[in-house]
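Heads up, my_file_21.csv below (CSV, N, CA, C and O atoms):
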```
chain,number,residue,atom,x,y,z
A,1,MET,N,-29.0,-114.4,-151.9
A,1,MET,CA,-29.6,-115.5,-152.7
A,1,MET,C,-29.8,-116.7,-151.7
A,1,MET,O,-29.1,-116.9,-150.8
A,2,THR,N,-30.9,-117.4,-152.0
A,2,THR,CA,-31.3,-118.5,-151.1
A,2,THR,C,-30.6,-119.8,-151.8
A,2,THR,O,-30.0,-119.7,-152.9
A,3,ASP,N,-30.7,-120.9,-151.0
A,3,ASP,CA,-30.0,-122.1,-151.5
A,3,ASP,C,-30.5,-122.6,-152.8
A,3,ASP,O,-29.8,-123.3,-153.6
A,4,TRP,N,-31.8,-122.4,-153.2
A,4,TRP,CA,-32.3,-122.9,-154.4
A,4,TRP,C,-31.9,-122.0,-155.6
A,4,TRP,O,-32.1,-122.5,-156.7
A,5,GLN,N,-31.4,-120.8,-155.4
A,5,GLN,CA,-31.1,-120.0,-156.5
A,5,GLN,C,-29.7,-120.3,-157.1
A,5,GLN,O,-29.3,-119.8,-158.1
A,6,THR,N,-28.8,-121.0,-156.3
A,6,THR,CA,-27.5,-121.3,-156.7
A,6,THR,C,-27.2,-122.8,-156.6
A,6,THR,O,-27.8,-123.5,-155.8
A,7,TYR,N,-26.2,-123.2,-157.3
A,7,TYR,CA,-25.8,-124.6,-157.2
A,7,TYR,C,-24.9,-124.7,-155.9
A,7,TYR,O,-24.6,-123.6,-155.3
A,8,GLY,N,-24.4,-125.8,-155.5
A,8,GLY,CA,-23.6,-126.0,-154.4
A,8,GLY,C,-22.3,-125.2,-154.5
A,8,GLY,O,-21.7,-124.8,-153.5
A,9,ASN,N,-21.8,-125.0,-155.7
A,9,ASN,CA,-20.5,-124.3,-155.9
A,9,ASN,C,-20.7,-122.8,-156.0
A,9,ASN,O,-19.7,-122.1,-156.3
A,10,GLY,N,-21.9,-122.3,-155.9
A,10,GLY,CA,-22.2,-120.9,-155.9
A,10,GLY,C,-22.6,-120.3,-157.3
A,10,GLY,O,-23.0,-119.1,-157.4
A,11,ASN,N,-22.6,-121.1,-158.3
A,11,ASN,CA,-23.0,-120.6,-159.7
A,11,ASN,C,-24.5,-120.5,-159.7
A,11,ASN,O,-25.2,-121.4,-159.1
A,12,PRO,N,-25.1,-119.4,-160.3
A,12,PRO,CA,-26.6,-119.3,-160.4
A,12,PRO,C,-27.2,-120.4,-161.3
A,12,PRO,O,-26.6,-120.8,-162.2
A,13,ARG,N,-28.4,-120.8,-160.9
A,13,ARG,CA,-29.1,-121.8,-161.7
A,13,ARG,C,-29.8,-121.1,-162.9
A,13,ARG,O,-30.2,-120.0,-162.9
A,14,GLU,N,-29.9,-121.9,-164.0
A,14,GLU,CA,-30.6,-121.5,-165.2
A,14,GLU,C,-32.1,-121.6,-165.0
A,14,GLU,O,-32.5,-122.3,-164.1
A,15,THR,N,-32.8,-120.9,-165.8
A,15,THR,CA,-34.3,-120.9,-165.7
A,15,THR,C,-34.9,-122.2,-165.9
A,15,THR,O,-35.8,-122.7,-165.1
A,16,TRP,N,-34.4,-123.0,-166.9
A,16,TRP,CA,-34.9,-124.3,-167.1
A,16,TRP,C,-34.6,-125.2,-166.0
A,16,TRP,O,-35.4,-126.1,-165.6
A,17,ASN,N,-33.5,-125.0,-165.3
A,17,ASN,CA,-33.2,-125.9,-164.1
A,17,ASN,C,-34.0,-125.5,-162.9
A,17,ASN,O,-34.3,-126.3,-162.1
A,18,LEU,N,-34.4,-124.2,-162.8
A,18,LEU,CA,-35.3,-123.8,-161.7
A,18,LEU,C,-36.7,-124.5,-161.8
A,18,LEU,O,-37.3,-124.9,-160.8
A,19,GLU,N,-37.2,-124.7,-163.1
A,19,GLU,CA,-38.4,-125.4,-163.2
A,19,GLU,C,-38.3,-126.8,-162.8
A,19,GLU,O,-39.2,-127.4,-162.2
A,20,ARG,N,-37.2,-127.4,-163.2
A,20,ARG,CA,-36.9,-128.8,-162.8
A,20,ARG,C,-36.8,-129.0,-161.3
A,20,ARG,O,-37.4,-129.9,-160.7
A,21,LEU,N,-36.1,-128.0,-160.7
A,21,LEU,CA,-36.0,-128.1,-159.2
A,21,LEU,C,-37.4,-127.9,-158.5
A,21,LEU,O,-37.7,-128.6,-157.6
A,22,ALA,N,-38.2,-127.0,-159.1
A,22,ALA,CA,-39.5,-126.7,-158.5
A,22,ALA,C,-40.4,-127.9,-158.6
A,22,ALA,O,-41.1,-128.3,-157.6
A,23,ARG,N,-40.4,-128.6,-159.7
A,23,ARG,CA,-41.1,-129.8,-159.9
A,23,ARG,C,-40.7,-130.9,-159.0
A,23,ARG,O,-41.5,-131.7,-158.4
A,24,HIS,N,-39.4,-131.1,-158.8
A,24,HIS,CA,-38.8,-132.1,-157.9
A,24,HIS,C,-39.2,-131.9,-156.5
A,24,HIS,O,-39.6,-132.8,-155.8
A,25,ARG,N,-39.0,-130.6,-156.0
A,25,ARG,CA,-39.3,-130.3,-154.6
A,25,ARG,C,-40.8,-130.4,-154.4
A,25,ARG,O,-41.2,-130.8,-153.3
A,26,ALA,N,-41.6,-130.0,-155.3
A,26,ALA,CA,-43.1,-130.1,-155.2
A,26,ALA,C,-43.5,-131.5,-155.0
A,26,ALA,O,-44.3,-131.8,-154.2
A,27,ALA,N,-42.9,-132.4,-155.8
A,27,ALA,CA,-43.3,-133.8,-155.7
A,27,ALA,C,-42.9,-134.4,-154.3
A,27,ALA,O,-43.7,-135.2,-153.8
A,28,LYS,N,-41.8,-134.0,-153.8
A,28,LYS,CA,-41.4,-134.4,-152.5
A,28,LYS,C,-42.4,-134.0,-151.4
A,28,LYS,O,-42.6,-134.7,-150.4
A,29,LEU,N,-43.0,-132.8,-151.6
A,29,LEU,CA,-43.9,-132.3,-150.6
A,29,LEU,C,-45.4,-132.7,-150.8
A,29,LEU,O,-46.3,-132.2,-150.1
A,30,GLY,N,-45.6,-133.4,-151.9
A,30,GLY,CA,-47.0,-133.8,-152.2
A,30,GLY,C,-47.7,-132.8,-153.1
A,30,GLY,O,-49.0,-132.7,-153.1
A,31,TYR,N,-47.0,-131.9,-153.8
A,31,TYR,CA,-47.6,-130.9,-154.7
A,31,TYR,C,-47.3,-131.3,-156.1
A,31,TYR,O,-46.5,-132.1,-156.5
A,32,ARG,N,-47.9,-130.5,-157.0
A,32,ARG,CA,-47.6,-130.6,-158.5
A,32,ARG,C,-47.5,-129.2,-159.1
A,32,ARG,O,-48.3,-128.4,-158.8
A,33,VAL,N,-46.6,-129.0,-160.0
A,33,VAL,CA,-46.4,-127.7,-160.6
A,33,VAL,C,-46.9,-127.9,-162.1
A,33,VAL,O,-46.5,-128.8,-162.8
A,34,HIS,N,-47.8,-127.0,-162.4
A,34,HIS,CA,-48.4,-127.0,-163.8
A,34,HIS,C,-47.9,-125.7,-164.5
A,34,HIS,O,-48.0,-124.6,-163.9
A,35,ARG,N,-47.5,-125.9,-165.7
A,35,ARG,CA,-47.2,-124.7,-166.6
A,35,ARG,C,-48.3,-124.5,-167.6
A,35,ARG,O,-48.9,-125.4,-168.1
A,36,SER,N,-48.6,-123.2,-167.8
A,36,SER,CA,-49.6,-122.9,-168.8
A,36,SER,C,-49.1,-123.2,-170.2
A,36,SER,O,-48.0,-122.9,-170.6
A,37,ARG,N,-50.0,-123.9,-170.9
A,37,ARG,CA,-49.6,-124.3,-172.3
A,37,ARG,C,-50.5,-123.5,-173.3
A,37,ARG,O,-50.2,-123.5,-174.5
A,38,ARG,N,-51.5,-122.8,-172.8
A,38,ARG,CA,-52.5,-122.1,-173.7
A,38,ARG,C,-51.9,-120.7,-173.9
A,38,ARG,O,-51.1,-120.2,-173.3
A,39,ARG,N,-52.6,-120.1,-174.9
A,39,ARG,CA,-52.3,-118.7,-175.2
A,39,ARG,C,-52.7,-117.8,-174.0
A,39,ARG,O,-53.7,-118.0,-173.3
A,40,LYS,N,-51.9,-116.8,-173.7
A,40,LYS,CA,-52.3,-115.8,-172.6
A,40,LYS,C,-53.6,-115.2,-172.9
A,40,LYS,O,-54.0,-114.9,-174.0
A,41,GLY,N,-54.4,-115.0,-171.8
A,41,GLY,CA,-55.7,-114.4,-172.0
A,41,GLY,C,-56.2,-114.0,-170.6
A,41,GLY,O,-55.5,-113.8,-169.7
A,42,ARG,N,-57.5,-113.8,-170.5
A,42,ARG,CA,-58.2,-113.3,-169.3
A,42,ARG,C,-58.0,-114.2,-168.1
A,42,ARG,O,-57.7,-113.8,-167.0
A,43,ASP,N,-58.1,-115.5,-168.4
A,43,ASP,CA,-58.0,-116.5,-167.3
A,43,ASP,C,-56.6,-117.2,-167.3
A,43,ASP,O,-56.4,-118.2,-166.6
A,44,ASN,N,-55.7,-116.7,-168.0
A,44,ASN,CA,-54.4,-117.4,-168.2
A,44,ASN,C,-53.3,-116.3,-168.3
A,44,ASN,O,-53.1,-115.7,-169.3
A,45,ALA,N,-52.5,-116.2,-167.2
A,45,ALA,CA,-51.4,-115.2,-167.2
A,45,ALA,C,-50.1,-115.8,-167.9
A,45,ALA,O,-49.2,-115.0,-168.1
A,46,GLY,N,-50.1,-117.1,-168.1
A,46,GLY,CA,-49.0,-117.6,-168.9
A,46,GLY,C,-47.8,-118.1,-168.0
A,46,GLY,O,-46.8,-118.5,-168.6
A,47,ASP,N,-48.0,-118.2,-166.7
A,47,ASP,CA,-46.9,-118.7,-165.9
A,47,ASP,C,-47.2,-120.1,-165.3
A,47,ASP,O,-47.4,-121.0,-166.0
A,48,PHE,N,-47.1,-120.2,-164.0
A,48,PHE,CA,-47.2,-121.5,-163.3
A,48,PHE,C,-48.3,-121.5,-162.3
A,48,PHE,O,-48.8,-120.5,-161.9
A,49,MET,N,-48.7,-122.7,-161.9
A,49,MET,CA,-49.7,-123.0,-160.8
A,49,MET,C,-49.2,-124.1,-160.0
A,49,MET,O,-48.7,-125.1,-160.5
A,50,LEU,N,-49.3,-124.0,-158.6
A,50,LEU,CA,-49.0,-125.0,-157.7
A,50,LEU,C,-50.2,-125.7,-157.2
A,50,LEU,O,-51.1,-125.0,-156.6
A,51,LEU,N,-50.3,-127.0,-157.3
A,51,LEU,CA,-51.5,-127.8,-156.9
A,51,LEU,C,-51.2,-128.8,-155.8
A,51,LEU,O,-50.1,-129.3,-155.8
A,52,HIS,N,-52.1,-129.1,-155.0
A,52,HIS,CA,-52.0,-130.2,-154.0
A,52,HIS,C,-52.4,-131.4,-154.8
A,52,HIS,O,-53.4,-131.5,-155.4
A,53,LYS,N,-51.5,-132.5,-154.7
A,53,LYS,CA,-51.7,-133.7,-155.5
A,53,LYS,C,-53.0,-134.4,-155.2
A,53,LYS,O,-53.8,-134.8,-156.1
A,54,VAL,N,-53.3,-134.6,-153.9
A,54,VAL,CA,-54.4,-135.4,-153.5
A,54,VAL,C,-55.8,-134.7,-153.7
A,54,VAL,O,-56.7,-135.3,-154.3
A,55,SER,N,-55.8,-133.5,-153.3
A,55,SER,CA,-57.1,-132.7,-153.4
A,55,SER,C,-57.3,-131.9,-154.6
A,55,SER,O,-58.4,-131.3,-154.9
A,56,SER,N,-56.2,-131.7,-155.4
A,56,SER,CA,-56.2,-130.9,-156.6
A,56,SER,C,-56.6,-129.4,-156.3
A,56,SER,O,-57.2,-128.7,-157.1
A,57,THR,N,-56.3,-129.0,-155.1
A,57,THR,CA,-56.5,-127.6,-154.7
A,57,THR,C,-55.4,-126.7,-155.2
A,57,THR,O,-54.3,-127.1,-155.0
A,58,VAL,N,-55.8,-125.6,-155.7
A,58,VAL,CA,-54.8,-124.6,-156.2
A,58,VAL,C,-54.2,-123.9,-154.9
A,58,VAL,O,-54.9,-123.3,-154.2
A,59,LEU,N,-52.9,-124.1,-154.7
A,59,LEU,CA,-52.3,-123.5,-153.5
A,59,LEU,C,-51.7,-122.1,-153.9
A,59,LEU,O,-51.6,-121.2,-153.0
A,60,LEU,N,-51.2,-122.0,-155.1
A,60,LEU,CA,-50.5,-120.7,-155.5
A,60,LEU,C,-50.7,-120.6,-157.0
A,60,LEU,O,-50.5,-121.5,-157.7
A,61,GLY,N,-51.0,-119.4,-157.4
A,61,GLY,CA,-51.0,-119.0,-158.8
A,61,GLY,C,-52.3,-119.4,-159.6
A,61,GLY,O,-52.2,-119.8,-160.7
A,62,ALA,N,-53.4,-119.2,-159.0
A,62,ALA,CA,-54.7,-119.4,-159.7
A,62,ALA,C,-54.7,-118.6,-160.9
A,62,ALA,O,-54.3,-117.4,-160.9
A,63,GLY,N,-55.0,-119.2,-162.1
A,63,GLY,CA,-55.0,-118.4,-163.3
A,63,GLY,C,-53.6,-118.4,-163.9
A,63,GLY,O,-53.2,-117.5,-164.7
A,64,TYR,N,-52.7,-119.3,-163.4
A,64,TYR,CA,-51.3,-119.4,-163.9
A,64,TYR,C,-50.6,-118.1,-163.7
A,64,TYR,O,-49.9,-117.6,-164.6
A,65,THR,N,-50.6,-117.5,-162.5
A,65,THR,CA,-50.0,-116.3,-162.2
A,65,THR,C,-48.7,-116.4,-161.3
A,65,THR,O,-48.0,-115.4,-161.1
A,66,ALA,N,-48.4,-117.6,-160.9
A,66,ALA,CA,-47.2,-117.8,-160.0
A,66,ALA,C,-45.9,-117.9,-160.8
A,66,ALA,O,-45.9,-118.5,-161.9
A,67,THR,N,-44.9,-117.3,-160.4
A,67,THR,CA,-43.6,-117.5,-161.0
A,67,THR,C,-42.8,-118.6,-160.3
A,67,THR,O,-43.2,-119.0,-159.2
A,68,LEU,N,-41.7,-119.1,-160.9
A,68,LEU,CA,-41.0,-120.1,-160.2
A,68,LEU,C,-40.4,-119.7,-158.9
A,68,LEU,O,-40.3,-120.5,-157.9
A,69,ASP,N,-40.0,-118.4,-158.8
A,69,ASP,CA,-39.4,-117.9,-157.6
A,69,ASP,C,-40.5,-117.9,-156.5
A,69,ASP,O,-40.2,-118.3,-155.3
A,70,MET,N,-41.7,-117.6,-156.8
A,70,MET,CA,-42.8,-117.6,-155.8
A,70,MET,C,-43.1,-119.0,-155.3
A,70,MET,O,-43.3,-119.3,-154.1
A,71,ILE,N,-43.1,-120.0,-156.3
A,71,ILE,CA,-43.3,-121.4,-155.9
A,71,ILE,C,-42.2,-121.9,-155.0
A,71,ILE,O,-42.5,-122.6,-154.0
A,72,LEU,N,-41.0,-121.7,-155.4
A,72,LEU,CA,-39.9,-122.2,-154.6
A,72,LEU,C,-39.8,-121.6,-153.2
A,72,LEU,O,-39.5,-122.2,-152.2
A,73,GLU,N,-40.1,-120.3,-153.1
A,73,GLU,CA,-40.2,-119.6,-151.8
A,73,GLU,C,-41.3,-120.2,-150.9
A,73,GLU,O,-41.2,-120.4,-149.7
A,74,PHE,N,-42.5,-120.5,-151.5
A,74,PHE,CA,-43.6,-121.1,-150.8
A,74,PHE,C,-43.2,-122.4,-150.3
A,74,PHE,O,-43.5,-122.8,-149.1
A,75,MET,N,-42.6,-123.3,-151.1
A,75,MET,CA,-42.2,-124.6,-150.7
A,75,MET,C,-41.1,-124.6,-149.6
A,75,MET,O,-41.0,-125.4,-148.8
A,76,GLU,N,-40.2,-123.6,-149.7
A,76,GLU,CA,-39.2,-123.4,-148.7
A,76,GLU,C,-39.8,-123.1,-147.3
A,76,GLU,O,-39.4,-123.7,-146.3
A,77,ARG,N,-40.9,-122.2,-147.3
A,77,ARG,CA,-41.6,-122.0,-146.1
A,77,ARG,C,-42.3,-123.2,-145.5
A,77,ARG,O,-42.3,-123.5,-144.3
A,78,GLU,N,-42.9,-124.0,-146.5
A,78,GLU,CA,-43.6,-125.2,-146.0
A,78,GLU,C,-42.6,-126.2,-145.5
A,78,GLU,O,-43.0,-126.9,-144.5
A,79,ARG,N,-41.5,-126.3,-146.1
A,79,ARG,CA,-40.5,-127.3,-145.6
A,79,ARG,C,-39.9,-126.9,-144.2
A,79,ARG,O,-39.6,-127.8,-143.4
A,80,MET,N,-39.9,-125.6,-143.9
A,80,MET,CA,-39.3,-125.2,-142.6
A,80,MET,C,-40.3,-125.4,-141.5
A,80,MET,O,-40.0,-125.4,-140.3
A,81,GLN,N,-41.6,-125.5,-141.8
A,81,GLN,CA,-42.6,-125.7,-140.7
A,81,GLN,C,-42.6,-127.0,-140.1
A,81,GLN,O,-42.3,-128.0,-140.6
```
In structure tokens, what does this structure look like?
Amino acid sequence: MTDWQTYGNGNPRETWNLERLARHRAAKLGYRVHRSRRRKGRDNAGDFMLLHKVSSTVLLGAGYTATLDMILEFMERERMQ
């Protein structure tokens, strides 16, 4: 498990807390996390999308296809560069 999957004491994070963590880390890096609010369909997979705040460019999950794990791993790689 990576550091974002567990708390400091080793307990696993809950799903709602992973979304909160993803939004917090995205804001620190200049990104924004959007969750799909519409009904699932052809252009909407029902998950999340990561956007660049300034340019509104979709970085990950076009069509709301990104999971929280994918977003957190992406931001972890960006943070290490």
| message | When you look at Gly63 (chain A) with a cut-off of 4.5 Å (counting only N, CA, C and O atoms), what residues show up, excluding the ones that are within fewer than 5 positions of it in the same chain? I need them as an MDAnalysis selection string. | response | chainID A and resid 43:45
What does the file look like for those residues with N, CA, C and O atoms, as a PDB file, keeping the file's coordinate frame?
```pdb
ATOM      1  N   ASP A  43     -58.100-115.500-168.400  1.00  0.00           N
ATOM      2  CA  ASP A  43     -58.000-116.500-167.300  1.00  0.00           C
ATOM      3  C   ASP A  43     -56.600-117.200-167.300  1.00  0.00           C
ATOM      4  O   ASP A  43     -56.400-118.200-166.600  1.00  0.00           O
ATOM      5  N   ASN A  44     -55.700-116.700-168.000  1.00  0.00           N
ATOM      6  CA  ASN A  44     -54.400-117.400-168.200  1.00  0.00           C
ATOM      7  C   ASN A  44     -53.300-116.300-168.300  1.00  0.00           C
ATOM      8  O   ASN A  44     -53.100-115.700-169.300  1.00  0.00           O
ATOM      9  N   ALA A  45     -52.500-116.200-167.200  1.00  0.00           N
ATOM     10  CA  ALA A  45     -51.400-115.200-167.200  1.00  0.00           C
ATOM     11  C   ALA A  45     -50.100-115.800-167.900  1.00  0.00           C
ATOM     12  O   ALA A  45     -49.200-115.000-168.100  1.00  0.00           O
TER      13      ALA A  45
END
```
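For the residues A:Asn9, A:Ser36, A:Trp16, A:Tyr31, ranking by smallest atom-to-atom distance to Leu51 (chain A) using only N, CA, C and O atoms places A:Tyr31 first.
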| query | For Ala22 (chain A), which of A:Lys40, A:Arg77, A:His34, A:His52 is the closest residue, counting only C-alpha atoms? | reply |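 When distances to Ala22 (chain A) are compared using only C-alpha atoms, the smallest one comes from A:His34.
Distances from A:Arg13, A:Arg79, A:Arg32, A:Arg23 to Ser55 (chain A) were compared using only C-alpha atoms, and the smallest one belongs to A:Arg32.
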| task | Could you check how far CA of Gly41 (chain A) sits from CA of Ala27 (chain A), in Å to one decimal? | result |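 Distance reported for this atom pair: 28.2 Å.
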| task | Would you list the residues near (-52.0, -125.7, -158.0), meaning any protein, DNA or RNA residue with an atom at most 8 Å from that point in file coordinates, counting only N, CA, C and O atoms, as a PyMOL selection string? | result | chain A and resi 31-34+48-53+56-62
Dump of N, CA, C and O atoms for the selected residues, as a PDB file, in the frame of the given file:
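Heads up, here's the output in selection_29.pdb:
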```pdb
ATOM      1  N   TYR A  31     -47.000-131.900-153.800  1.00  0.00           N
ATOM      2  CA  TYR A  31     -47.600-130.900-154.700  1.00  0.00           C
ATOM      3  C   TYR A  31     -47.300-131.300-156.100  1.00  0.00           C
ATOM      4  O   TYR A  31     -46.500-132.100-156.500  1.00  0.00           O
ATOM      5  N   ARG A  32     -47.900-130.500-157.000  1.00  0.00           N
ATOM      6  CA  ARG A  32     -47.600-130.600-158.500  1.00  0.00           C
ATOM      7  C   ARG A  32     -47.500-129.200-159.100  1.00  0.00           C
ATOM      8  O   ARG A  32     -48.300-128.400-158.800  1.00  0.00           O
ATOM      9  N   VAL A  33     -46.600-129.000-160.000  1.00  0.00           N
ATOM     10  CA  VAL A  33     -46.400-127.700-160.600  1.00  0.00           C
ATOM     11  C   VAL A  33     -46.900-127.900-162.100  1.00  0.00           C
ATOM     12  O   VAL A  33     -46.500-128.800-162.800  1.00  0.00           O
ATOM     13  N   HIS A  34     -47.800-127.000-162.400  1.00  0.00           N
ATOM     14  CA  HIS A  34     -48.400-127.000-163.800  1.00  0.00           C
ATOM     15  C   HIS A  34     -47.900-125.700-164.500  1.00  0.00           C
ATOM     16  O   HIS A  34     -48.000-124.600-163.900  1.00  0.00           O
ATOM     17  N   PHE A  48     -47.100-120.200-164.000  1.00  0.00           N
ATOM     18  CA  PHE A  48     -47.200-121.500-163.300  1.00  0.00           C
ATOM     19  C   PHE A  48     -48.300-121.500-162.300  1.00  0.00           C
ATOM     20  O   PHE A  48     -48.800-120.500-161.900  1.00  0.00           O
ATOM     21  N   MET A  49     -48.700-122.700-161.900  1.00  0.00           N
ATOM     22  CA  MET A  49     -49.700-123.000-160.800  1.00  0.00           C
ATOM     23  C   MET A  49     -49.200-124.100-160.000  1.00  0.00           C
ATOM     24  O   MET A  49     -48.700-125.100-160.500  1.00  0.00           O
ATOM     25  N   LEU A  50     -49.300-124.000-158.600  1.00  0.00           N
ATOM     26  CA  LEU A  50     -49.000-125.000-157.700  1.00  0.00           C
ATOM     27  C   LEU A  50     -50.200-125.700-157.200  1.00  0.00           C
ATOM     28  O   LEU A  50     -51.100-125.000-156.600  1.00  0.00           O
ATOM     29  N   LEU A  51     -50.300-127.000-157.300  1.00  0.00           N
ATOM     30  CA  LEU A  51     -51.500-127.800-156.900  1.00  0.00           C
ATOM     31  C   LEU A  51     -51.200-128.800-155.800  1.00  0.00           C
ATOM     32  O   LEU A  51     -50.100-129.300-155.800  1.00  0.00           O
ATOM     33  N   HIS A  52     -52.100-129.100-155.000  1.00  0.00           N
ATOM     34  CA  HIS A  52     -52.000-130.200-154.000  1.00  0.00           C
ATOM     35  C   HIS A  52     -52.400-131.400-154.800  1.00  0.00           C
ATOM     36  O   HIS A  52     -53.400-131.500-155.400  1.00  0.00           O
ATOM     37  N   LYS A  53     -51.500-132.500-154.700  1.00  0.00           N
ATOM     38  CA  LYS A  53     -51.700-133.700-155.500  1.00  0.00           C
ATOM     39  C   LYS A  53     -53.000-134.400-155.200  1.00  0.00           C
ATOM     40  O   LYS A  53     -53.800-134.800-156.100  1.00  0.00           O
ATOM     41  N   SER A  56     -56.200-131.700-155.400  1.00  0.00           N
ATOM     42  CA  SER A  56     -56.200-130.900-156.600  1.00  0.00           C
ATOM     43  C   SER A  56     -56.600-129.400-156.300  1.00  0.00           C
ATOM     44  O   SER A  56     -57.200-128.700-157.100  1.00  0.00           O
ATOM     45  N   THR A  57     -56.300-129.000-155.100  1.00  0.00           N
ATOM     46  CA  THR A  57     -56.500-127.600-154.700  1.00  0.00           C
ATOM     47  C   THR A  57     -55.400-126.700-155.200  1.00  0.00           C
ATOM     48  O   THR A  57     -54.300-127.100-155.000  1.00  0.00           O
ATOM     49  N   VAL A  58     -55.800-125.600-155.700  1.00  0.00           N
ATOM     50  CA  VAL A  58     -54.800-124.600-156.200  1.00  0.00           C
ATOM     51  C   VAL A  58     -54.200-123.900-154.900  1.00  0.00           C
ATOM     52  O   VAL A  58     -54.900-123.300-154.200  1.00  0.00           O
ATOM     53  N   LEU A  59     -52.900-124.100-154.700  1.00  0.00           N
ATOM     54  CA  LEU A  59     -52.300-123.500-153.500  1.00  0.00           C
ATOM     55  C   LEU A  59     -51.700-122.100-153.900  1.00  0.00           C
ATOM     56  O   LEU A  59     -51.600-121.200-153.000  1.00  0.00           O
ATOM     57  N   LEU A  60     -51.200-122.000-155.100  1.00  0.00           N
ATOM     58  CA  LEU A  60     -50.500-120.700-155.500  1.00  0.00           C
ATOM     59  C   LEU A  60     -50.700-120.600-157.000  1.00  0.00           C
ATOM     60  O   LEU A  60     -50.500-121.500-157.700  1.00  0.00           O
ATOM     61  N   GLY A  61     -51.000-119.400-157.400  1.00  0.00           N
ATOM     62  CA  GLY A  61     -51.000-119.000-158.800  1.00  0.00           C
ATOM     63  C   GLY A  61     -52.300-119.400-159.600  1.00  0.00           C
ATOM     64  O   GLY A  61     -52.200-119.800-160.700  1.00  0.00           O
ATOM     65  N   ALA A  62     -53.400-119.200-159.000  1.00  0.00           N
ATOM     66  CA  ALA A  62     -54.700-119.400-159.700  1.00  0.00           C
ATOM     67  C   ALA A  62     -54.700-118.600-160.900  1.00  0.00           C
ATOM     68  O   ALA A  62     -54.300-117.400-160.900  1.00  0.00           O
TER      69      ALA A  62
END
```
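When CA of Tyr64 (chain A) is paired with CA of Asp47 (chain A), their separation reads 4.9 Å.
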| request: Taking the point (-31.0, -125.0, -155.1) as given in the file, collect each protein or nucleic acid residue that comes within 10 Å of it, counting only C-alpha atoms, and present the set as a count of residues only. | output: 17
| field | d(CA of Leu29 (chain A), CA of Gln81 (chain A)) in Å | value |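 Between these atoms lies a distance of 12.0 Å.
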| query | Could you write out, as a VMD selection string, all the residues of chain A that DSSP marks as helix (DSSP H, G or I)? | reply | chain A and resid 3 to 5 15 to 29 68 to 80
| task | Could you tell me, as a list in words, which residues of chain A DSSP assigns to strand (DSSP E) when given the backbone? | result | Tyr31, Arg32, Val33, His34, Arg35, Phe48, Met49, Leu50, Leu51, His52, Val58, Leu59 and Leu60 of chain A
Generate the output file for the selected residues, N, CA, C and O atoms, as a compact mmCIF listing (two decimals), in the coordinates of the input.
```txt
# COMPACT_ATOMS: atom_id res chain seq x y z
N TYR A 31 -47.00 -131.90 -153.80
CA TYR A 31 -47.60 -130.90 -154.70
C TYR A 31 -47.30 -131.30 -156.10
O TYR A 31 -46.50 -132.10 -156.50
N ARG A 32 -47.90 -130.50 -157.00
CA ARG A 32 -47.60 -130.60 -158.50
C ARG A 32 -47.50 -129.20 -159.10
O ARG A 32 -48.30 -128.40 -158.80
N VAL A 33 -46.60 -129.00 -160.00
CA VAL A 33 -46.40 -127.70 -160.60
C VAL A 33 -46.90 -127.90 -162.10
O VAL A 33 -46.50 -128.80 -162.80
N HIS A 34 -47.80 -127.00 -162.40
CA HIS A 34 -48.40 -127.00 -163.80
C HIS A 34 -47.90 -125.70 -164.50
O HIS A 34 -48.00 -124.60 -163.90
N ARG A 35 -47.50 -125.90 -165.70
CA ARG A 35 -47.20 -124.70 -166.60
C ARG A 35 -48.30 -124.50 -167.60
O ARG A 35 -48.90 -125.40 -168.10
N PHE A 48 -47.10 -120.20 -164.00
CA PHE A 48 -47.20 -121.50 -163.30
C PHE A 48 -48.30 -121.50 -162.30
O PHE A 48 -48.80 -120.50 -161.90
N MET A 49 -48.70 -122.70 -161.90
CA MET A 49 -49.70 -123.00 -160.80
C MET A 49 -49.20 -124.10 -160.00
O MET A 49 -48.70 -125.10 -160.50
N LEU A 50 -49.30 -124.00 -158.60
CA LEU A 50 -49.00 -125.00 -157.70
C LEU A 50 -50.20 -125.70 -157.20
O LEU A 50 -51.10 -125.00 -156.60
N LEU A 51 -50.30 -127.00 -157.30
CA LEU A 51 -51.50 -127.80 -156.90
C LEU A 51 -51.20 -128.80 -155.80
O LEU A 51 -50.10 -129.30 -155.80
N HIS A 52 -52.10 -129.10 -155.00
CA HIS A 52 -52.00 -130.20 -154.00
C HIS A 52 -52.40 -131.40 -154.80
O HIS A 52 -53.40 -131.50 -155.40
N VAL A 58 -55.80 -125.60 -155.70
CA VAL A 58 -54.80 -124.60 -156.20
C VAL A 58 -54.20 -123.90 -154.90
O VAL A 58 -54.90 -123.30 -154.20
N LEU A 59 -52.90 -124.10 -154.70
CA LEU A 59 -52.30 -123.50 -153.50
C LEU A 59 -51.70 -122.10 -153.90
O LEU A 59 -51.60 -121.20 -153.00
N LEU A 60 -51.20 -122.00 -155.10
CA LEU A 60 -50.50 -120.70 -155.50
C LEU A 60 -50.70 -120.60 -157.00
O LEU A 60 -50.50 -121.50 -157.70
```
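Of the residues listed (A:Arg37, A:Gly46, A:Met80, A:Thr15), A:Thr15 shows the shortest atom-to-atom separation from Leu68 (chain A); distances use only C-alpha atoms.
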| Using only C-alpha atoms, which of the listed residues (A:Ile71, A:Arg39, A:Ala66, A:Val54) sits closest to His24 (chain A)? |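 Looking only at the distances to His24 (chain A), the closest residue turns out to be A:Ile71.
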